[in-house]
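S.K.: Questions regarding the structure given below will be posed in turn.
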Amino acid sequence: MKIHHALSMLLAIVPFSGALATPPEEKKAGDPVPEKAGRCCTVLPKGEIKNPVFLKQDIEKKEVEVFIIATFDKSNYGMNFNGLSKSEGGYEIPLGWKVKVTFCNNSDVPHSVMVVEADVAERKINLGEDPYFDGATTPKPNTLGTTNKIEKFEFTPDEAGDFSFACGFPTHSANGHRIFLKIKKDLKQATFVVPAKEKAAGK
Ligand SMILES: [Cu+2]
């Protein structure tokens, strides 16, 4: 009895499998557009493409790995890191921790990332070549924005305060291509801070 049932199920499936061989339907306007991590998705911790993880940490070693993707989505004309711009979100990291950055530019437009003071990131048109902390930048951030390329660097902030991960390509940071980097004395662990309301609204 069970075998017969399985057989009839199989026969029922056959006509449909034929349909699978025909070309896929044309995309209609209004079809959902897949959430984009795009070409840079390989730099994110595996298996987290739909719900990306932008931070990994080792509390005992006092180390944090941050994953910063330029043009993660289309917000702010692509001038965003991990979908955030204008310092509406960013990282909070305990003072004295080592910060390991993996940067990837998902766009054909040149972008870079460097650490500068928050008010400099907001106002200055050209951030220059020198980051606030030694080593805290992609190579030649103001002239050689990278395209579709992975860059890694690390630094250890020796000062608490309000800083930014800012795009060093001229005009970008002042136009919002920056997220905050708060180095805090009494913090127990690092966090990636996303503005809760806007994300919940499906911004
Ligand atoms: Cu940029």
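Simple scheme: letters A, B, ... for chains in structure tokens order, numbers from 1 for residues in each chain, numbers from 1 for ligands in the order shown.
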DSSP on the backbone, strand (DSSP E or B) only: what residues of stretch 26-172 of chain A does that give? Format it as a PyMOL selection string.

M.R.: chain A and resi 55-58+63-70+81+84+90-94+98-105+111+114-117+137+146+150-155+161-166

S.K.: Which protein, DNA or RNA residues have an atom within 7 Å of ligand 1, counting only C-alpha atoms and all ligand atoms, as number ranges by chain?

M.R.: A: 79, 110-112, 167-169, 172-173, 177

S.K.: Mind checking which residues fall within 10 Å of A:Glu60, counting only C-alpha atoms, ignoring those fewer than 3 positions away in the same chain, and posting them as a PyMOL selection string?

M.R.: chain A and resi 57+63+189

S.K.: The selected residues should be written to file as a PDB file, in the first residue's frame (atoms: C-alpha atoms).

M.R.:
ATOM      1  CA  GLN A  57      35.228  39.780  18.667  1.00  0.00           C
ATOM      2  CA  GLU A  63      40.423  42.046  19.701  1.00  0.00           C
ATOM      3  CA  GLN A 189      32.612  44.529  24.514  1.00  0.00           C
TER       4      GLN A 189
END

S.K.: So which one's closest to A:Glu117, A:Gly161, A:Gly89, A:Gly135, A:Gly83? Using only C-alpha atoms, please.

M.R.: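 Checking each of A:Gly161, A:Gly89, A:Gly135, A:Gly83 against A:Glu117, counting only C-alpha atoms, the winner is A:Gly161.
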
S.K.: Find the residues near A:Met114: any atom within 7 Å, counting only C-alpha atoms, skip ones fewer than 2 places away on the same chain, and give them as a PyMOL selection string.

M.R.: chain A and resi 112+116+131+136-138+141+165-168

S.K.: Between atom CA of A:Ile69 and atom CA of A:Cys40, what distance in Å does the model show, to one decimal?

M.R.: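 A separation of 7.0 Å between them.
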
S.K.: Fewer than 6 positions away in the same chain doesn't count, so skip those; otherwise give me all residues within 8 Å of A:Lys185, counting only C-alpha atoms, as a list in words.

M.R.: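 Within the cut-off, the hits are Pro94, Leu95 and Ala160 of chain A.
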